[in-house]
Amino acid sequence: MVVVMKKEASDEAIERVLGEVRSLGFTPHVSEGEQRTLIGAIGPAPTEEVREHLSALAGVETVVRITKPYKLASREFRHDDSRVMVGDVAIGNGAFVVAAGPCGVESRDQLAAAADIARRHGARVLRGGAFKPRTSPYAFQGLGEEGLALLAEARADTGMPIVTEVTSPELVETVAGTADMLQIGARNTQNFALLAEVGRAAKPVLFKRGMSTSIAEYLQAAEYILSQGNPNVVLCERGIRTFETSTRFTLDVSAVPVLKELTHLPVWVDPSHAAGRRSLVPSLALAAAAAGADGLIVEVHARPEEARSDAAQQLDDREFGELMPRLKGVVAALGKTL
Ligand code: PEP
Ligand code: MN
């Protein structure tokens, strides 16, 4: 349930409600809205007496039951769009942000060249995998901690915050020590131990949808992160498995408006991993923006043909440079800024 406080509720009244919520056996999660404070009370289904008791406390406007299995992620918990800060970049709530960079960090020069492309054309966040979850154990697995160090150098050189993937619970502390945003990949969407661990980390999370994860499953997975106390989650649709083989995955464009209806969390799209080849990436990127996404994560590489992973889908300088102004037009038509 959510305890909705009155606009004028005092700090004392809020403290009193928090105490009552705890003593009734619920875990409180506070959400400071622009107008009022909401207190999510997570625990067993509340009885009518419990709701009446909380409703009667000073400063309480109303107590609402959340019917969805994902509570903190739901629009019932928080009506307004959430805003997530990554370094000094604000995500969601009217801002359209593009993260760009190579699939994997391969070398200092490769990362610097890709970061330069990303920054020059208006990306605000730099991506790059240091720990790569690969389908084959024989494929390039990423540079690991050396890759993290190179990402930190690229951040110092460009001023762009970095997003990079964390692939296991034991690595969260290490990756969070460098990254500005922790990426959870599609192969780990339901790795609940990993989700709980990033839920305890003090860094925002870019949380990809699994290739076979329904939206209801996806939002319950997001709840694993939120319920551990980390409210800074950005969702990301990156294509799902269907019978179609002409693309790497099928970009579920519908997921964007569906998620925007069900949750207050920002929704990004990854057109690169959905498309699987560069000629399709711009169209999917524009479609995602038109469908109401809050941002994109796009793979770019100065020489895609030489990339050690995902060579077919990374955009080069010219391709990314052509996409960004077109994207700006679509985003502006929706009243957002890029
Ligand atoms: C990635 O973005 O580097 C990646 C591996 O994507 P996904 O988890 O969506 O496959
Ligand atoms: Mn990739």
# chains A, B, ... in the order shown; residues from 1 in each chain; ligands from 1
$ residues_around --residues "segment 321-325 of chain A" --least-positions-apart "6" --cutoff "9 Å" --atoms "only C-alpha atoms" --output "list of chain:residue names"
A:Ile117, A:Ala118, A:Arg120, A:His121, A:Gly122, A:Ala123, A:Pro282, A:Ser283, A:Ala285, A:Leu286
$ write_last_selection --atoms "C-alpha atoms" --output "mmCIF file, in the first residue's frame"
data_model
loop_
_atom_site.group_PDB
_atom_site.id
_atom_site.type_symbol
_atom_site.label_atom_id
_atom_site.label_comp_id
_atom_site.auth_asym_id
_atom_site.auth_seq_id
_atom_site.Cartn_x
_atom_site.Cartn_y
_atom_site.Cartn_z
ATOM 1 C CA ILE A 117 32.550 10.251 -31.917
ATOM 2 C CA ALA A 118 29.965 9.939 -29.140
ATOM 3 C CA ARG A 120 31.111 15.310 -30.827
ATOM 4 C CA HIS A 121 27.662 14.276 -32.019
ATOM 5 C CA GLY A 122 25.888 14.976 -28.730
ATOM 6 C CA ALA A 123 25.815 11.749 -26.699
ATOM 7 C CA PRO A 282 18.874 4.472 -37.279
ATOM 8 C CA SER A 283 15.283 3.486 -38.139
ATOM 9 C CA ALA A 285 16.384 4.505 -32.954
ATOM 10 C CA LEU A 286 13.924 6.967 -34.521
#
$ select_by_dssp --residues "segment 123-211 of chain A" --states "strand (DSSP E)" --output "list in words"
Val125, Leu126, Arg127, Ile162, Val163, Thr164, Glu165, Met181, Leu182, Gln183, Ile184, Val205, Leu206, Phe207 and Lys208 of chain A
$ closest_residue --among "A:Val233, A:Val105, A:Leu226, A:Leu334" --to "ligand 2" --atoms "only C-alpha atoms and all ligand atoms"
A:Val105
$ residues_around --residues "Thr337 of chain A" --least-positions-apart "3" --cutoff "9 Å" --atoms "only C-alpha atoms" --output "ChimeraX atom specification"
/A:94-97,328,331-332,334
$ write_last_selection --atoms "C-alpha atoms" --output "PDB file, in the first residue's frame"
ATOM      1  CA  GLY A  94      11.331  15.397 -20.318  1.00  0.00           C
ATOM      2  CA  ALA A  95      15.018  14.938 -21.072  1.00  0.00           C
ATOM      3  CA  PHE A  96      16.067  12.622 -23.920  1.00  0.00           C
ATOM      4  CA  VAL A  97      19.569  11.269 -23.358  1.00  0.00           C
ATOM      5  CA  LYS A 328      16.692  15.664 -32.488  1.00  0.00           C
ATOM      6  CA  VAL A 331      12.451  14.271 -29.967  1.00  0.00           C
ATOM      7  CA  ALA A 332      11.541  17.944 -30.441  1.00  0.00           C
ATOM      8  CA  LEU A 334       7.389  15.200 -28.713  1.00  0.00           C
TER       9      LEU A 334
END
$ residues_near_ligand --ligand "ligand 2" --cutoff "9 Å" --atoms "only C-alpha atoms and all ligand atoms" --output "PyMOL selection string"
chain A and resi 102-104+128-129+132+272-273+276+299+309-311+313-314
$ select_by_dssp --residues "segment 68-203 of chain A" --states "helix (DSSP H, G or I)" --output "number ranges by chain"
A: 108-120, 145-158, 169-178, 186-188, 192-199
$ residues_around --residues "Ser168 of chain A" --least-positions-apart "5" --cutoff "12 Å" --atoms "only C-alpha atoms" --output "list in words"
Phe131, Lys132, Pro133, Glu173, Thr174, Val175, Leu182, Gln183, Ile184, Gly185, Arg187, Asn188, Thr189, Gln190, Asn191, Phe192, Ala193, Leu194, Leu195, Ala196, Glu197 and Val198 of chain A
$ closest_residue --among "A:Ser74, A:Thr37, A:Thr27, A:Gln228" --to "Ala13 of chain A" --atoms "only C-alpha atoms"
A:Thr37
$ decode --residues "segment 201-242 of chain A" --atoms "N, CA and C atoms" --output "PDB file, in the first residue's frame"
ATOM      1  N   ALA A 201      23.750  -1.126  -4.071  1.00  0.00           N
ATOM      2  CA  ALA A 201      24.855  -0.254  -4.511  1.00  0.00           C
ATOM      3  C   ALA A 201      24.364   1.191  -4.585  1.00  0.00           C
ATOM      4  N   ALA A 202      25.307   2.106  -4.491  1.00  0.00           N
ATOM      5  CA  ALA A 202      24.945   3.533  -4.489  1.00  0.00           C
ATOM      6  C   ALA A 202      25.074   4.139  -5.883  1.00  0.00           C
ATOM      7  N   LYS A 203      24.869   3.350  -6.934  1.00  0.00           N
ATOM      8  CA  LYS A 203      24.968   3.848  -8.298  1.00  0.00           C
ATOM      9  C   LYS A 203      23.673   3.541  -9.055  1.00  0.00           C
ATOM     10  N   PRO A 204      23.286   4.429  -9.993  1.00  0.00           N
ATOM     11  CA  PRO A 204      22.092   4.143 -10.799  1.00  0.00           C
ATOM     12  C   PRO A 204      22.310   2.914 -11.689  1.00  0.00           C
ATOM     13  N   VAL A 205      21.195   2.332 -12.118  1.00  0.00           N
ATOM     14  CA  VAL A 205      21.250   1.065 -12.849  1.00  0.00           C
ATOM     15  C   VAL A 205      20.545   1.203 -14.200  1.00  0.00           C
ATOM     16  N   LEU A 206      21.219   0.770 -15.264  1.00  0.00           N
ATOM     17  CA  LEU A 206      20.582   0.638 -16.578  1.00  0.00           C
ATOM     18  C   LEU A 206      20.200  -0.832 -16.700  1.00  0.00           C
ATOM     19  N   PHE A 207      18.899  -1.078 -16.625  1.00  0.00           N
ATOM     20  CA  PHE A 207      18.420  -2.452 -16.461  1.00  0.00           C
ATOM     21  C   PHE A 207      17.750  -2.925 -17.750  1.00  0.00           C
ATOM     22  N   LYS A 208      18.441  -3.803 -18.476  1.00  0.00           N
ATOM     23  CA  LYS A 208      17.920  -4.278 -19.758  1.00  0.00           C
ATOM     24  C   LYS A 208      16.847  -5.341 -19.559  1.00  0.00           C
ATOM     25  N   ARG A 209      15.907  -5.350 -20.500  1.00  0.00           N
ATOM     26  CA  ARG A 209      14.888  -6.399 -20.524  1.00  0.00           C
ATOM     27  C   ARG A 209      15.492  -7.660 -21.137  1.00  0.00           C
ATOM     28  N   GLY A 210      15.213  -8.786 -20.554  1.00  0.00           N
ATOM     29  CA  GLY A 210      15.692 -10.049 -21.107  1.00  0.00           C
ATOM     30  C   GLY A 210      15.014 -10.357 -22.428  1.00  0.00           C
ATOM     31  N   MET A 211      15.657 -11.163 -23.242  1.00  0.00           N
ATOM     32  CA  MET A 211      15.130 -11.444 -24.578  1.00  0.00           C
ATOM     33  C   MET A 211      13.874 -12.312 -24.535  1.00  0.00           C
ATOM     34  N   SER A 212      13.624 -12.967 -23.394  1.00  0.00           N
ATOM     35  CA  SER A 212      12.404 -13.779 -23.247  1.00  0.00           C
ATOM     36  C   SER A 212      11.652 -13.427 -21.974  1.00  0.00           C
ATOM     37  N   THR A 213      11.766 -12.185 -21.571  1.00  0.00           N
ATOM     38  CA  THR A 213      11.133 -11.746 -20.322  1.00  0.00           C
ATOM     39  C   THR A 213       9.860 -10.967 -20.639  1.00  0.00           C
ATOM     40  N   SER A 214       8.735 -11.398 -20.098  1.00  0.00           N
ATOM     41  CA  SER A 214       7.495 -10.643 -20.292  1.00  0.00           C
ATOM     42  C   SER A 214       7.598  -9.330 -19.510  1.00  0.00           C
ATOM     43  N   ILE A 215       6.734  -8.396 -19.841  1.00  0.00           N
ATOM     44  CA  ILE A 215       6.805  -7.099 -19.157  1.00  0.00           C
ATOM     45  C   ILE A 215       6.470  -7.243 -17.664  1.00  0.00           C
ATOM     46  N   ALA A 216       5.523  -8.113 -17.348  1.00  0.00           N
ATOM     47  CA  ALA A 216       5.199  -8.318 -15.927  1.00  0.00           C
ATOM     48  C   ALA A 216       6.399  -8.921 -15.181  1.00  0.00           C
ATOM     49  N   GLU A 217       7.082  -9.866 -15.823  1.00  0.00           N
ATOM     50  CA  GLU A 217       8.287 -10.449 -15.189  1.00  0.00           C
ATOM     51  C   GLU A 217       9.390  -9.397 -15.055  1.00  0.00           C
ATOM     52  N   TYR A 218       9.513  -8.580 -16.090  1.00  0.00           N
ATOM     53  CA  TYR A 218      10.556  -7.539 -16.119  1.00  0.00           C
ATOM     54  C   TYR A 218      10.358  -6.555 -14.962  1.00  0.00           C
ATOM     55  N   LEU A 219       9.123  -6.101 -14.774  1.00  0.00           N
ATOM     56  CA  LEU A 219       8.880  -5.118 -13.711  1.00  0.00           C
ATOM     57  C   LEU A 219       9.046  -5.742 -12.323  1.00  0.00           C
ATOM     58  N   GLN A 220       8.729  -7.017 -12.198  1.00  0.00           N
ATOM     59  CA  GLN A 220       8.984  -7.671 -10.901  1.00  0.00           C
ATOM     60  C   GLN A 220      10.481  -7.820 -10.663  1.00  0.00           C
ATOM     61  N   ALA A 221      11.231  -8.021 -11.750  1.00  0.00           N
ATOM     62  CA  ALA A 221      12.695  -8.085 -11.617  1.00  0.00           C
ATOM     63  C   ALA A 221      13.236  -6.717 -11.194  1.00  0.00           C
ATOM     64  N   ALA A 222      12.700  -5.638 -11.791  1.00  0.00           N
ATOM     65  CA  ALA A 222      13.117  -4.280 -11.398  1.00  0.00           C
ATOM     66  C   ALA A 222      12.835  -4.063  -9.909  1.00  0.00           C
ATOM     67  N   GLU A 223      11.748  -4.659  -9.450  1.00  0.00           N
ATOM     68  CA  GLU A 223      11.361  -4.528  -8.042  1.00  0.00           C
ATOM     69  C   GLU A 223      12.436  -5.102  -7.098  1.00  0.00           C
ATOM     70  N   TYR A 224      13.171  -6.120  -7.561  1.00  0.00           N
ATOM     71  CA  TYR A 224      14.280  -6.662  -6.750  1.00  0.00           C
ATOM     72  C   TYR A 224      15.314  -5.577  -6.464  1.00  0.00           C
ATOM     73  N   ILE A 225      15.557  -4.705  -7.464  1.00  0.00           N
ATOM     74  CA  ILE A 225      16.543  -3.634  -7.270  1.00  0.00           C
ATOM     75  C   ILE A 225      15.957  -2.559  -6.358  1.00  0.00           C
ATOM     76  N   LEU A 226      14.740  -2.122  -6.687  1.00  0.00           N
ATOM     77  CA  LEU A 226      14.102  -1.036  -5.930  1.00  0.00           C
ATOM     78  C   LEU A 226      13.899  -1.408  -4.470  1.00  0.00           C
ATOM     79  N   SER A 227      13.493  -2.658  -4.232  1.00  0.00           N
ATOM     80  CA  SER A 227      13.146  -3.057  -2.860  1.00  0.00           C
ATOM     81  C   SER A 227      14.373  -3.149  -1.961  1.00  0.00           C
ATOM     82  N   GLN A 228      15.577  -3.171  -2.562  1.00  0.00           N
ATOM     83  CA  GLN A 228      16.792  -3.144  -1.733  1.00  0.00           C
ATOM     84  C   GLN A 228      17.214  -1.713  -1.411  1.00  0.00           C
ATOM     85  N   GLY A 229      16.447  -0.743  -1.907  1.00  0.00           N
ATOM     86  CA  GLY A 229      16.735   0.639  -1.514  1.00  0.00           C
ATOM     87  C   GLY A 229      17.341   1.489  -2.607  1.00  0.00           C
ATOM     88  N   ASN A 230      17.557   0.928  -3.799  1.00  0.00           N
ATOM     89  CA  ASN A 230      18.098   1.747  -4.898  1.00  0.00           C
ATOM     90  C   ASN A 230      16.952   2.176  -5.819  1.00  0.00           C
ATOM     91  N   PRO A 231      16.550   3.454  -5.771  1.00  0.00           N
ATOM     92  CA  PRO A 231      15.408   3.897  -6.582  1.00  0.00           C
ATOM     93  C   PRO A 231      15.813   4.309  -8.001  1.00  0.00           C
ATOM     94  N   ASN A 232      17.118   4.323  -8.285  1.00  0.00           N
ATOM     95  CA  ASN A 232      17.609   4.910  -9.534  1.00  0.00           C
ATOM     96  C   ASN A 232      17.774   3.865 -10.638  1.00  0.00           C
ATOM     97  N   VAL A 233      16.629   3.458 -11.184  1.00  0.00           N
ATOM     98  CA  VAL A 233      16.614   2.406 -12.198  1.00  0.00           C
ATOM     99  C   VAL A 233      16.072   2.977 -13.507  1.00  0.00           C
ATOM    100  N   VAL A 234      16.813   2.740 -14.597  1.00  0.00           N
ATOM    101  CA  VAL A 234      16.366   3.098 -15.945  1.00  0.00           C
ATOM    102  C   VAL A 234      16.130   1.785 -16.689  1.00  0.00           C
ATOM    103  N   LEU A 235      14.927   1.599 -17.202  1.00  0.00           N
ATOM    104  CA  LEU A 235      14.606   0.371 -17.937  1.00  0.00           C
ATOM    105  C   LEU A 235      15.118   0.492 -19.369  1.00  0.00           C
ATOM    106  N   CYS A 236      15.322  -0.633 -20.044  1.00  0.00           N
ATOM    107  CA  CYS A 236      15.809  -0.578 -21.425  1.00  0.00           C
ATOM    108  C   CYS A 236      15.330  -1.780 -22.237  1.00  0.00           C
ATOM    109  N   GLU A 237      14.482  -1.488 -23.210  1.00  0.00           N
ATOM    110  CA  GLU A 237      14.034  -2.510 -24.166  1.00  0.00           C
ATOM    111  C   GLU A 237      15.130  -2.704 -25.215  1.00  0.00           C
ATOM    112  N   ARG A 238      15.511  -3.960 -25.481  1.00  0.00           N
ATOM    113  CA  ARG A 238      16.632  -4.209 -26.397  1.00  0.00           C
ATOM    114  C   ARG A 238      16.336  -5.335 -27.386  1.00  0.00           C
ATOM    115  N   GLY A 239      15.045  -5.629 -27.551  1.00  0.00           N
ATOM    116  CA  GLY A 239      14.681  -6.677 -28.511  1.00  0.00           C
ATOM    117  C   GLY A 239      14.401  -7.994 -27.818  1.00  0.00           C
ATOM    118  N   ILE A 240      13.406  -8.684 -28.340  1.00  0.00           N
ATOM    119  CA  ILE A 240      12.990  -9.965 -27.765  1.00  0.00           C
ATOM    120  C   ILE A 240      13.072 -11.057 -28.827  1.00  0.00           C
ATOM    121  N   ARG A 241      13.028 -12.302 -28.364  1.00  0.00           N
ATOM    122  CA  ARG A 241      13.056 -13.450 -29.270  1.00  0.00           C
ATOM    123  C   ARG A 241      11.669 -13.668 -29.861  1.00  0.00           C
ATOM    124  N   THR A 242      11.617 -13.753 -31.184  1.00  0.00           N
ATOM    125  CA  THR A 242      10.370 -14.137 -31.840  1.00  0.00           C
ATOM    126  C   THR A 242      10.727 -15.157 -32.921  1.00  0.00           C
TER     127      THR A 242
END
